[in-house]
$ cat work_21.cif   # mmCIF, C-alpha atoms and all ligand atoms
data_final
loop_
_atom_site.label_atom_id
_atom_site.label_comp_id
_atom_site.auth_asym_id
_atom_site.auth_seq_id
_atom_site.Cartn_x
_atom_site.Cartn_y
_atom_site.Cartn_z
CA MET M 29 -69.61 190.70 155.43
CA PRO M 30 -69.88 188.41 152.37
CA HIS M 31 -68.20 189.58 149.20
CA PRO M 32 -70.84 190.94 146.74
CA ASN M 33 -69.84 188.35 144.14
CA ALA M 34 -70.40 185.54 146.60
CA ASP M 35 -73.91 185.48 145.10
CA ASN M 36 -72.29 183.85 142.06
CA LEU M 37 -71.65 180.76 144.15
CA ARG M 38 -74.27 178.10 144.04
CA PHE M 39 -74.64 175.55 146.80
CA PRO M 40 -78.31 174.59 146.49
CA PRO M 41 -79.35 172.47 149.47
CA PRO M 42 -79.10 168.87 148.30
CA ARG M 43 -82.28 166.83 148.49
CA LEU M 44 -81.52 163.16 148.61
CA PRO M 45 -84.27 161.18 146.87
CA PRO M 46 -85.98 158.60 149.13
CA GLU M 47 -84.59 155.65 147.14
CA VAL M 48 -81.06 156.42 148.34
CA ALA M 49 -81.84 155.19 151.86
CA ALA M 50 -82.44 151.66 150.58
CA LEU M 51 -79.36 151.87 148.37
CA ARG M 52 -77.22 153.03 151.30
CA ALA M 53 -78.44 150.10 153.39
CA GLU M 54 -77.67 147.74 150.52
CA VAL M 55 -74.10 149.07 150.17
CA ARG M 56 -73.51 148.84 153.92
CA ALA M 57 -74.78 145.26 154.05
CA PHE M 58 -72.61 144.31 151.08
CA LEU M 59 -69.54 145.87 152.69
CA ALA M 60 -70.16 144.24 156.07
CA GLU M 61 -70.47 140.86 154.37
CA SER M 62 -67.50 141.43 152.06
CA PHE M 63 -65.15 142.48 154.82
CA SER M 64 -66.15 139.58 157.03
CA ASN M 65 -65.86 136.96 154.25
CA GLU M 66 -62.83 138.13 152.33
CA ALA M 67 -59.43 139.43 153.24
CA TRP M 68 -59.94 142.80 151.52
CA PRO M 69 -57.19 145.22 152.37
CA ARG M 70 -58.99 148.12 154.10
CA ASN M 71 -57.29 151.15 152.65
CA SER M 72 -56.44 154.37 154.42
CA ASP M 73 -57.00 156.57 151.35
CA PHE M 74 -58.97 156.11 148.13
CA GLY M 75 -55.66 156.17 146.23
CA ALA M 76 -54.12 153.40 148.29
CA GLY M 77 -56.26 150.30 147.78
CA PHE M 78 -56.07 148.71 144.34
CA SER M 79 -58.04 145.47 144.12
CA PRO M 80 -59.33 144.25 140.72
CA ASP M 81 -61.18 141.51 142.60
CA PHE M 82 -63.12 143.95 144.75
CA THR M 83 -63.85 146.12 141.71
CA ARG M 84 -65.30 143.13 139.83
CA LYS M 85 -67.57 142.41 142.82
CA ILE M 86 -68.97 145.89 143.02
CA ALA M 87 -69.29 146.04 139.23
CA ALA M 88 -71.46 142.92 139.48
CA LYS M 89 -73.69 144.91 141.87
CA GLY M 90 -74.04 147.62 139.16
CA TRP M 91 -72.01 150.20 141.10
CA VAL M 92 -69.37 151.02 138.50
CA GLY M 93 -70.52 153.46 135.81
CA MET M 94 -73.90 153.38 137.53
CA THR M 95 -75.11 156.69 136.02
CA TRP M 96 -74.22 155.70 132.45
CA PRO M 97 -76.65 154.53 129.74
CA LYS M 98 -77.75 150.90 129.93
CA LYS M 99 -76.42 150.20 126.45
CA TYR M 100 -72.88 150.55 127.84
CA GLY M 101 -73.60 148.43 130.91
CA GLY M 102 -74.63 151.37 133.11
CA GLN M 103 -77.71 151.53 135.33
CA GLU M 104 -78.97 155.04 134.42
CA ARG M 105 -79.07 155.94 138.09
CA SER M 106 -78.67 159.50 139.39
CA MET M 107 -75.48 161.30 140.45
CA LEU M 108 -76.85 161.42 144.01
CA GLU M 109 -77.28 157.65 144.05
CA ARG M 110 -73.69 157.33 142.83
CA TYR M 111 -72.68 159.75 145.58
CA VAL M 112 -74.20 157.53 148.24
CA VAL M 113 -72.35 154.48 146.91
CA THR M 114 -69.01 156.28 146.73
CA GLU M 115 -69.26 157.79 150.19
CA GLU M 116 -70.14 154.45 151.76
CA LEU M 117 -67.21 152.76 149.98
CA LEU M 118 -64.82 155.49 151.10
CA ALA M 119 -66.08 155.61 154.68
CA ALA M 120 -65.57 151.85 154.95
CA GLY M 121 -62.02 152.05 153.56
CA ALA M 122 -62.93 149.77 150.65
CA PRO M 123 -60.15 149.21 148.07
CA VAL M 124 -61.66 151.28 145.27
CA PHE M 125 -58.76 152.66 143.28
CA ALA M 126 -58.81 150.10 140.43
CA HIS M 127 -62.03 151.51 138.97
CA TRP M 128 -62.02 154.96 140.59
CA ILE M 129 -60.58 157.07 137.77
CA ALA M 130 -62.54 155.33 135.00
CA ASP M 131 -65.79 155.60 136.96
CA ARG M 132 -65.25 159.17 138.13
CA GLN M 133 -63.86 160.94 135.07
CA SER M 134 -62.53 158.89 132.12
CA GLY M 135 -65.86 157.18 131.39
CA PRO M 136 -67.86 160.42 131.71
CA LEU M 137 -65.30 162.14 129.43
CA LEU M 138 -65.70 159.43 126.78
CA LEU M 139 -69.48 159.58 127.11
CA ARG M 140 -69.38 163.29 126.44
CA PHE M 141 -66.63 163.64 123.85
CA GLY M 142 -65.60 160.15 122.69
CA SER M 143 -66.60 158.55 119.40
CA GLU M 144 -69.29 155.88 119.40
CA ALA M 145 -66.62 153.27 118.57
CA GLN M 146 -64.52 154.37 121.59
CA ARG M 147 -67.56 154.20 123.85
CA GLU M 148 -68.62 150.78 122.61
CA THR M 149 -65.12 149.37 122.99
CA VAL M 150 -64.29 150.71 126.41
CA LEU M 151 -67.37 151.57 128.49
CA PRO M 152 -68.86 148.05 128.79
CA ARG M 153 -65.46 146.81 129.99
CA ILE M 154 -65.39 149.53 132.64
CA THR M 155 -68.89 148.75 133.90
CA ALA M 156 -67.92 145.04 134.03
CA GLY M 157 -65.04 146.03 136.36
CA GLU M 158 -62.40 144.85 133.91
CA CYS M 159 -60.85 147.99 132.52
CA PHE M 160 -58.94 150.61 134.51
CA PHE M 161 -57.77 154.11 133.56
CA SER M 162 -54.95 156.52 134.32
CA ILE M 163 -54.88 160.30 134.04
CA GLY M 164 -52.16 161.56 131.67
CA MET M 165 -52.02 165.26 132.46
CA SER M 166 -48.90 166.15 134.51
CA GLU M 167 -45.43 166.27 132.96
CA PRO M 168 -41.97 166.80 134.45
CA ASP M 169 -42.28 170.57 133.86
CA SER M 170 -46.07 170.95 133.72
CA GLY M 171 -48.33 170.31 136.67
CA SER M 172 -50.39 173.31 137.71
CA ASP M 173 -49.84 174.97 134.34
CA LEU M 174 -51.33 172.24 132.16
CA ALA M 175 -51.41 174.49 129.11
CA SER M 176 -47.61 174.19 129.02
CA VAL M 177 -47.56 170.43 128.30
CA ARG M 178 -44.87 169.46 125.83
CA THR M 179 -45.77 165.88 124.96
CA ARG M 180 -46.44 166.18 121.25
CA ALA M 181 -48.57 164.15 118.86
CA GLU M 182 -47.81 164.53 115.16
CA ARG M 183 -49.96 163.28 112.34
CA THR M 184 -48.62 160.40 110.25
CA SER M 185 -50.15 158.63 107.26
CA GLN M 186 -51.53 155.97 109.67
CA GLY M 187 -52.53 158.09 112.65
CA TRP M 188 -50.35 159.84 115.25
CA ARG M 189 -46.78 159.63 116.56
CA LEU M 190 -46.23 160.63 120.22
CA ASN M 191 -43.08 161.89 121.91
CA GLY M 192 -42.68 163.17 125.46
CA ALA M 193 -43.29 162.03 129.02
CA LYS M 194 -46.01 162.10 131.66
CA VAL M 195 -45.23 161.94 135.37
CA TRP M 196 -46.98 161.08 138.66
CA THR M 197 -49.23 158.78 136.66
CA SER M 198 -51.07 156.81 139.33
CA ASN M 199 -51.28 153.07 138.68
CA ALA M 200 -50.12 153.20 135.04
CA HIS M 201 -48.33 149.92 135.80
CA HIS M 202 -51.70 148.23 136.53
CA ASN M 203 -54.12 150.11 134.30
CA HIS M 204 -55.27 149.40 130.77
CA PHE M 205 -55.70 152.90 129.32
CA MET M 206 -54.57 156.45 129.89
CA ILE M 207 -56.30 159.58 128.59
CA THR M 208 -53.36 161.74 127.59
CA LEU M 209 -53.21 165.47 126.98
CA CYS M 210 -50.82 166.34 124.13
CA ARG M 211 -49.82 169.27 122.03
CA THR M 212 -51.00 168.89 118.43
CA GLY M 213 -50.66 172.48 117.23
CA ASP M 214 -49.80 176.04 118.18
CA ALA M 215 -50.90 177.33 121.55
CA GLY M 216 -52.36 180.57 120.18
CA GLU M 217 -52.66 183.78 122.15
CA ASP M 218 -54.54 182.38 125.12
CA ARG M 219 -52.09 179.38 125.36
CA HIS M 220 -55.04 176.97 125.41
CA GLY M 221 -55.16 176.16 121.71
CA GLY M 222 -53.44 173.27 119.95
CA LEU M 223 -54.08 170.68 122.69
CA SER M 224 -55.78 167.33 122.11
CA GLN M 225 -56.59 164.21 124.13
CA PHE M 226 -55.76 160.65 123.10
CA LEU M 227 -56.74 157.21 124.30
CA ILE M 228 -53.48 155.36 125.00
CA ASP M 229 -53.47 151.59 125.38
CA LEU M 230 -50.97 151.16 128.21
CA LYS M 231 -50.57 147.43 127.60
CA ASN M 232 -50.10 147.44 123.81
CA ASP M 233 -48.96 150.81 122.48
CA GLY M 234 -45.29 150.41 123.40
CA VAL M 235 -45.05 153.11 126.08
CA ALA M 236 -42.35 152.77 128.75
CA ILE M 237 -43.67 152.79 132.33
CA ASN M 238 -41.07 153.56 135.00
CA PRO M 239 -41.90 153.34 138.72
CA ILE M 240 -41.66 156.32 141.09
CA ILE M 241 -41.60 155.27 144.75
CA ASN M 242 -43.54 157.47 147.19
CA MET M 243 -42.62 158.54 150.74
CA LEU M 244 -44.25 155.43 152.20
CA GLY M 245 -42.00 153.25 150.06
CA GLY M 246 -44.99 152.27 147.88
CA HIS M 247 -45.21 152.04 144.11
CA GLU M 248 -48.33 154.05 143.20
CA PHE M 249 -46.89 156.66 140.80
CA ASN M 250 -45.09 156.24 137.48
CA GLU M 251 -43.36 158.08 134.74
CA VAL M 252 -44.84 157.17 131.31
CA VAL M 253 -42.51 157.80 128.37
CA PHE M 254 -43.51 158.09 124.69
CA ASP M 255 -40.61 157.53 122.35
CA ASP M 256 -41.94 157.61 118.77
CA VAL M 257 -45.08 155.78 119.92
CA GLU M 258 -47.39 155.20 116.92
CA ILE M 259 -51.13 155.08 117.54
CA PRO M 260 -54.04 154.75 115.11
CA ALA M 261 -56.04 157.81 114.01
CA ASP M 262 -59.20 156.69 115.82
CA ARG M 263 -57.60 157.23 119.24
CA LEU M 264 -58.12 160.99 119.11
CA ILE M 265 -60.82 161.85 121.66
CA GLY M 266 -63.24 164.56 120.52
CA GLY M 267 -61.89 167.19 118.17
CA GLU M 268 -58.29 168.02 117.34
CA GLY M 269 -57.46 171.18 119.30
CA ASP M 270 -60.35 170.71 121.75
CA GLY M 271 -58.11 169.25 124.48
CA TRP M 272 -58.23 172.25 126.81
CA ARG M 273 -62.04 172.43 126.89
CA GLN M 274 -62.26 168.69 127.39
CA VAL M 275 -59.60 168.37 130.09
CA THR M 276 -61.02 171.23 132.15
CA SER M 277 -64.46 169.63 132.04
CA GLU M 278 -62.94 166.53 133.71
CA LEU M 279 -61.68 168.55 136.63
CA ALA M 280 -65.02 169.35 138.30
CA TYR M 281 -65.58 165.59 138.56
CA GLU M 282 -62.07 165.17 139.92
CA ARG M 283 -62.27 167.88 142.56
CA SER M 284 -65.65 167.79 144.22
CA GLY M 285 -66.29 164.20 145.28
CA PRO M 286 -66.29 162.84 148.83
CA GLU M 287 -62.72 161.54 148.33
CA ARG M 288 -61.61 165.15 148.75
CA PHE M 289 -62.54 165.19 152.44
CA LEU M 290 -62.86 161.53 153.44
CA SER M 291 -59.22 160.52 152.94
CA ASN M 292 -58.64 160.80 156.68
CA PHE M 293 -62.09 159.64 157.76
CA HIS M 294 -60.53 156.45 159.15
CA VAL M 295 -58.27 158.63 161.33
CA PHE M 296 -61.28 160.61 162.56
CA ARG M 297 -63.17 157.43 163.39
CA ALA M 298 -60.14 155.89 165.11
CA LEU M 299 -59.66 159.15 167.04
CA VAL M 300 -63.26 159.04 168.32
CA ASP M 301 -62.69 155.43 169.46
CA GLU M 302 -59.35 156.30 171.02
CA VAL M 303 -60.80 159.24 172.98
CA GLY M 304 -63.61 157.00 174.21
CA PRO M 305 -67.02 157.82 175.71
CA SER M 306 -65.86 160.43 178.25
CA PRO M 307 -63.91 163.13 176.42
CA ASP M 308 -62.53 166.04 178.42
CA ALA M 309 -63.55 169.58 177.38
CA ARG M 310 -60.63 170.01 174.96
CA GLN M 311 -61.27 166.67 173.31
CA ALA M 312 -65.00 167.31 173.01
CA GLU M 313 -64.34 170.72 171.44
CA GLY M 314 -61.84 169.24 168.94
CA LEU M 315 -64.09 166.36 167.93
CA GLY M 316 -67.17 168.60 167.75
CA ARG M 317 -65.38 171.04 165.47
CA LEU M 318 -64.30 168.23 163.16
CA ALA M 319 -67.80 166.72 163.06
CA SER M 320 -69.41 170.04 162.16
CA ARG M 321 -66.85 170.71 159.40
CA LEU M 322 -67.35 167.22 158.00
CA TRP M 323 -71.11 167.68 157.90
CA THR M 324 -70.84 171.03 156.11
CA LEU M 325 -68.38 169.68 153.55
CA ARG M 326 -70.62 166.74 152.86
CA ARG M 327 -73.57 169.02 152.11
CA MET M 328 -71.44 171.18 149.83
CA SER M 329 -70.08 168.16 147.97
CA LEU M 330 -73.58 166.69 147.59
CA SER M 331 -74.73 169.99 146.23
CA VAL M 332 -71.97 169.91 143.57
CA ALA M 333 -72.92 166.31 142.71
CA ALA M 334 -76.51 167.44 142.14
CA MET M 335 -75.33 170.28 139.88
CA LEU M 336 -73.10 167.92 137.87
CA GLY M 337 -76.07 165.59 137.54
CA ALA M 338 -78.13 168.49 136.18
CA GLY M 339 -75.47 169.17 133.52
CA ASP M 340 -74.07 172.35 135.15
CA ALA M 341 -70.35 173.17 135.30
CA PRO M 342 -69.75 174.04 138.97
CA ASP M 343 -65.97 174.53 138.61
CA VAL M 344 -65.66 177.21 141.29
CA GLU M 345 -67.82 175.33 143.77
CA ALA M 346 -65.78 172.15 143.12
CA ALA M 347 -62.56 174.07 143.80
CA ILE M 348 -64.03 175.32 147.11
CA VAL M 349 -64.96 171.77 148.15
CA LYS M 350 -61.44 170.56 147.34
CA ASP M 351 -59.70 173.39 149.15
CA LEU M 352 -61.86 173.17 152.29
CA GLY M 353 -61.83 169.36 152.10
CA ASN M 354 -58.02 169.24 152.04
CA ARG M 355 -57.92 171.69 154.92
CA PHE M 356 -60.28 169.44 156.90
CA GLU M 357 -58.09 166.39 156.19
CA ARG M 358 -55.13 168.23 157.69
CA GLU M 359 -57.20 169.38 160.69
CA VAL M 360 -58.11 165.77 161.50
CA VAL M 361 -54.44 164.92 161.92
CA GLU M 362 -53.61 168.17 163.73
CA THR M 363 -56.55 167.74 166.13
CA ALA M 364 -55.47 164.17 166.91
CA ARG M 365 -52.00 165.43 167.78
CA MET M 366 -53.45 168.18 169.97
CA ILE M 367 -55.97 166.17 171.96
CA LEU M 368 -54.14 162.87 172.44
CA PRO M 369 -50.66 162.40 173.83
CA LEU M 370 -49.17 159.98 171.33
CA GLN M 371 -46.05 159.26 169.38
CA PRO M 372 -46.81 158.24 165.76
CA SER M 373 -44.85 155.08 164.99
CA GLY M 374 -44.77 152.18 162.55
CA LEU M 375 -47.07 152.09 159.55
CA ALA M 376 -50.74 151.19 159.37
CA GLY M 377 -50.05 148.40 156.89
CA ALA M 378 -48.27 146.59 159.70
CA ASN M 379 -51.10 146.91 162.21
CA GLN M 380 -54.26 148.66 161.10
CA ASN M 381 -55.74 148.64 164.58
CA ASP M 382 -52.85 150.56 166.05
CA PHE M 383 -53.72 154.27 166.31
CA ALA M 384 -50.06 155.36 166.45
CA ALA M 385 -49.43 153.48 163.19
CA THR M 386 -52.58 154.94 161.58
CA MET M 387 -51.29 158.39 162.47
CA ALA M 388 -47.83 157.66 161.10
CA GLU M 389 -49.28 156.71 157.72
CA ALA M 390 -51.68 159.66 157.71
CA ILE M 391 -48.83 162.10 158.38
CA LEU M 392 -46.80 160.68 155.50
CA ARG M 393 -49.76 160.76 153.08
CA LEU M 394 -50.96 164.23 154.07
CA PRO M 395 -48.68 166.31 151.80
CA SER M 396 -50.00 164.53 148.71
CA PHE M 397 -53.66 165.45 149.35
CA THR M 398 -53.26 169.13 148.51
CA LEU M 399 -51.20 168.32 145.39
CA ARG M 400 -53.27 165.70 143.61
CA GLY M 401 -56.17 167.06 141.59
CA GLY M 402 -54.71 170.59 141.73
CA THR M 403 -52.83 172.46 144.47
CA THR M 404 -54.24 174.79 147.11
CA GLU M 405 -52.86 177.87 145.33
CA ILE M 406 -54.50 176.81 142.07
CA MET M 407 -57.85 176.12 143.79
CA ARG M 408 -57.73 179.57 145.40
CA SER M 409 -56.90 181.23 142.07
CA ILE M 410 -59.97 179.57 140.52
CA ILE M 411 -62.11 180.69 143.45
CA ALA M 412 -60.75 184.25 143.30
CA ARG M 413 -61.47 184.45 139.55
CA GLY M 414 -64.94 183.02 140.11
CA LEU M 415 -65.62 185.76 142.65
CA GLY M 416 -64.31 188.37 140.25
CA LEU M 417 -61.37 189.20 142.53
CA ARG M 418 -58.70 188.88 139.81
C1 LIG M 501 -50.95 161.34 145.09
C2 LIG M 501 -50.84 162.02 143.77
C3 LIG M 501 -51.36 161.41 142.64
C4 LIG M 501 -51.23 162.03 141.39
N1 LIG M 501 -51.73 161.37 140.29
C5 LIG M 501 -51.62 161.96 139.09
C6 LIG M 501 -52.09 161.26 137.93
O1 LIG M 501 -52.55 160.12 138.01
N2 LIG M 501 -51.98 161.88 136.74
C7 LIG M 501 -51.47 163.13 136.60
O2 LIG M 501 -51.44 163.65 135.49
N3 LIG M 501 -50.98 163.81 137.69
C8 LIG M 501 -51.04 163.24 138.92
N4 LIG M 501 -50.55 163.89 140.02
C9 LIG M 501 -49.85 165.16 139.84
C10 LIG M 501 -50.59 166.38 140.33
O3 LIG M 501 -51.71 166.65 139.52
C11 LIG M 501 -49.57 167.54 140.35
O4 LIG M 501 -48.62 167.24 141.37
C12 LIG M 501 -50.21 168.86 140.63
O5 LIG M 501 -51.04 169.26 139.57
C13 LIG M 501 -49.14 169.96 140.87
O6 LIG M 501 -48.22 169.99 139.81
P1 LIG M 501 -46.65 169.95 140.09
O7 LIG M 501 -46.37 168.80 141.02
O8 LIG M 501 -45.95 169.99 138.79
O9 LIG M 501 -46.32 171.28 140.91
P2 LIG M 501 -46.12 172.73 140.32
O10 LIG M 501 -47.20 173.05 139.36
O11 LIG M 501 -44.70 172.85 139.87
O12 LIG M 501 -46.34 173.61 141.61
C14 LIG M 501 -45.31 173.79 142.60
C15 LIG M 501 -45.82 174.80 143.61
O13 LIG M 501 -46.02 176.08 142.98
C16 LIG M 501 -47.36 176.51 143.17
N5 LIG M 501 -47.86 177.18 141.95
C17 LIG M 501 -47.76 176.73 140.68
N6 LIG M 501 -48.36 177.59 139.83
C18 LIG M 501 -48.87 178.59 140.58
C19 LIG M 501 -49.61 179.78 140.29
N7 LIG M 501 -49.97 180.08 139.04
N8 LIG M 501 -49.96 180.57 141.31
C20 LIG M 501 -49.61 180.28 142.59
N9 LIG M 501 -48.89 179.17 142.93
C21 LIG M 501 -48.53 178.34 141.94
C22 LIG M 501 -48.17 175.25 143.42
O14 LIG M 501 -49.34 175.52 144.14
C23 LIG M 501 -47.18 174.41 144.22
O15 LIG M 501 -47.21 174.78 145.56
C24 LIG M 501 -50.62 163.30 141.27
C25 LIG M 501 -50.10 163.92 142.42
C26 LIG M 501 -50.18 163.29 143.65
C27 LIG M 501 -49.57 163.97 144.84
#
$ encode --input "work_21.cif" --output "structure tokens" --more "lines below"
Ligand SMILES: Cc1cc2nc3c(=O)[nH]c(=O)nc-3n(C[C@H](O)[C@H](O)[C@H](O)COP(=O)(O)OP(=O)(O)OC[C@H]3O[C@@H](n4cnc5c(N)ncnc54)[C@H](O)[C@@H]3O)c2cc1C
Amino acid sequence: MPHPNADNLRFPPPRLPPEVAALRAEVRAFLAESFSNEAWPRNSDFGAGFSPDFTRKIAAKGWVGMTWPKKYGGQERSMLERYVVTEELLAAGAPVFAHWIADRQSGPLLLRFGSEAQRETVLPRITAGECFFSIGMSEPDSGSDLASVRTRAERTSQGWRLNGAKVWTSNAHHNHFMITLCRTGDAGEDRHGGLSQFLIDLKNDGVAINPIINMLGGHEFNEVVFDDVEIPADRLIGGEGDGWRQVTSELAYERSGPERFLSNFHVFRALVDEVGPSPDARQAEGLGRLASRLWTLRRMSLSVAAMLGAGDAPDVEAAIVKDLGNRFEREVVETARMILPLQPSGLAGANQNDFAATMAEAILRLPSFTLRGGTTEIMRSIIARGLGLR
């Protein structure tokens, strides 16, 4: 029996406008041509393929910042049109990570809370595919509990002085800017006061960026250290002390998109090919279950995209999509291990057509999916609160 408060959840059936069919065809044709003409690295996960070249090409098509106002280089298209572009890019394994964070959350945050000068300086560079962003939330002792961040910004006569460190900062070594959550005052009784966000210029502000190597031996993460880093006053984003409200508004964008269930789509597709046209009963059941889950998740995620486009704040629904999406990504790998006798070996980078190597990489990446963007326990706490259970 559904919980009585389940009525609070909104997953209105998404209605894709007719123009998306033509857009989808356009994206597919572009990808087919791009992959046949250029040696793009097909990535196994949205966080794995960083290609400024590819980003510039899709920016030229108008697909970066495509929902933003034209005066900043956007196309004023709908969230559902953006959804179609992002899901096609992800399904094809396109190397999207260079622009992903700026397009998904940093640009929208600046549009909503940034000053006009910040928008004019940064947004046209993002839509041109020339300016990439990092997320500066997590710290060595603050991940899930973001309100406990200790990086501090103090006012000076010129602006602000920052001290502290951020950790797990994806691609800080490549990116141009980081939106950083800092303590600027007392936490207050609810612990959410006294936080502010700043625009940090990763190339010019004098921050130290130290690599952290992941389990695959790759350099994707970093530690970013602020040691008396001086920044001008106009880098404060929004109001002083408004950091908590602002950072939480970013998270619905971060949690609900198709990247939260398509990270192992390439494994699913390879599994279907590997099983071939005559699956036995166990294989058919496993693949059928995955296909039905994928379809449901897609409808839920589309529904959240439509609500975001309408200006709603579907935080609980986004947390549900992330939690179920991460569970699906694990099930893809588990199903593959159940229905095919295989020994994962090597890494996909070495031979992307080798299913055993694809599986080896997927197994090593899997633990990170439930951590990034908020852990399973945190998603379930948000859902429980949303249902009035705690
Ligand atoms: C691939 C990847 C990319 C990332 N990129 C970035 C980035 O670019 N920028 C950035 O800022 N961060 C990034 N992160 C960090 C990520 O956001 C954090 O790892 C995540 O928020 C969890 O924080 P933590 O690692 O400190 O774990 P902790 O918060 O210490 O959690 C440890 C464990 O305790 C559990 N736990 C914690 N609190 C509670 C609670 N209240 N109730 C129940 N259980 C709890 C957690 O669920 C988890 O299982 C990235 C992480 C990964 C894996």
$ atom_distance --input "work_21.cif" --atom1 "atom CA of M:Ala88" --atom2 "atom CA of M:Gly157"
7.8 Å
$ atom_distance --input "work_21.cif" --atom1 "atom CA of M:Pro42" --atom2 "atom CA of M:Met407"
22.9 Å
$ residues_near_ligand --input "work_21.cif" --ligand "ligand LIG 501 (chain M)" --cutoff "9 Å" --atoms "all atoms listed in the file" --output "number ranges by chain"
M: 75, 129, 162-174, 194-200, 208-209, 242, 248-250, 393, 395-409
$ closest_residue --input "work_21.cif" --among "M:Leu299, M:Val235, M:Ile348, M:Val92" --to "M:Gly135" --atoms "all atoms listed in the file"
M:Val92
$ closest_residue --input "work_21.cif" --among "M:Ser329, M:Gln311, M:Asn232, M:Thr363" --to "M:Tyr281" --atoms "all atoms listed in the file"
M:Ser329
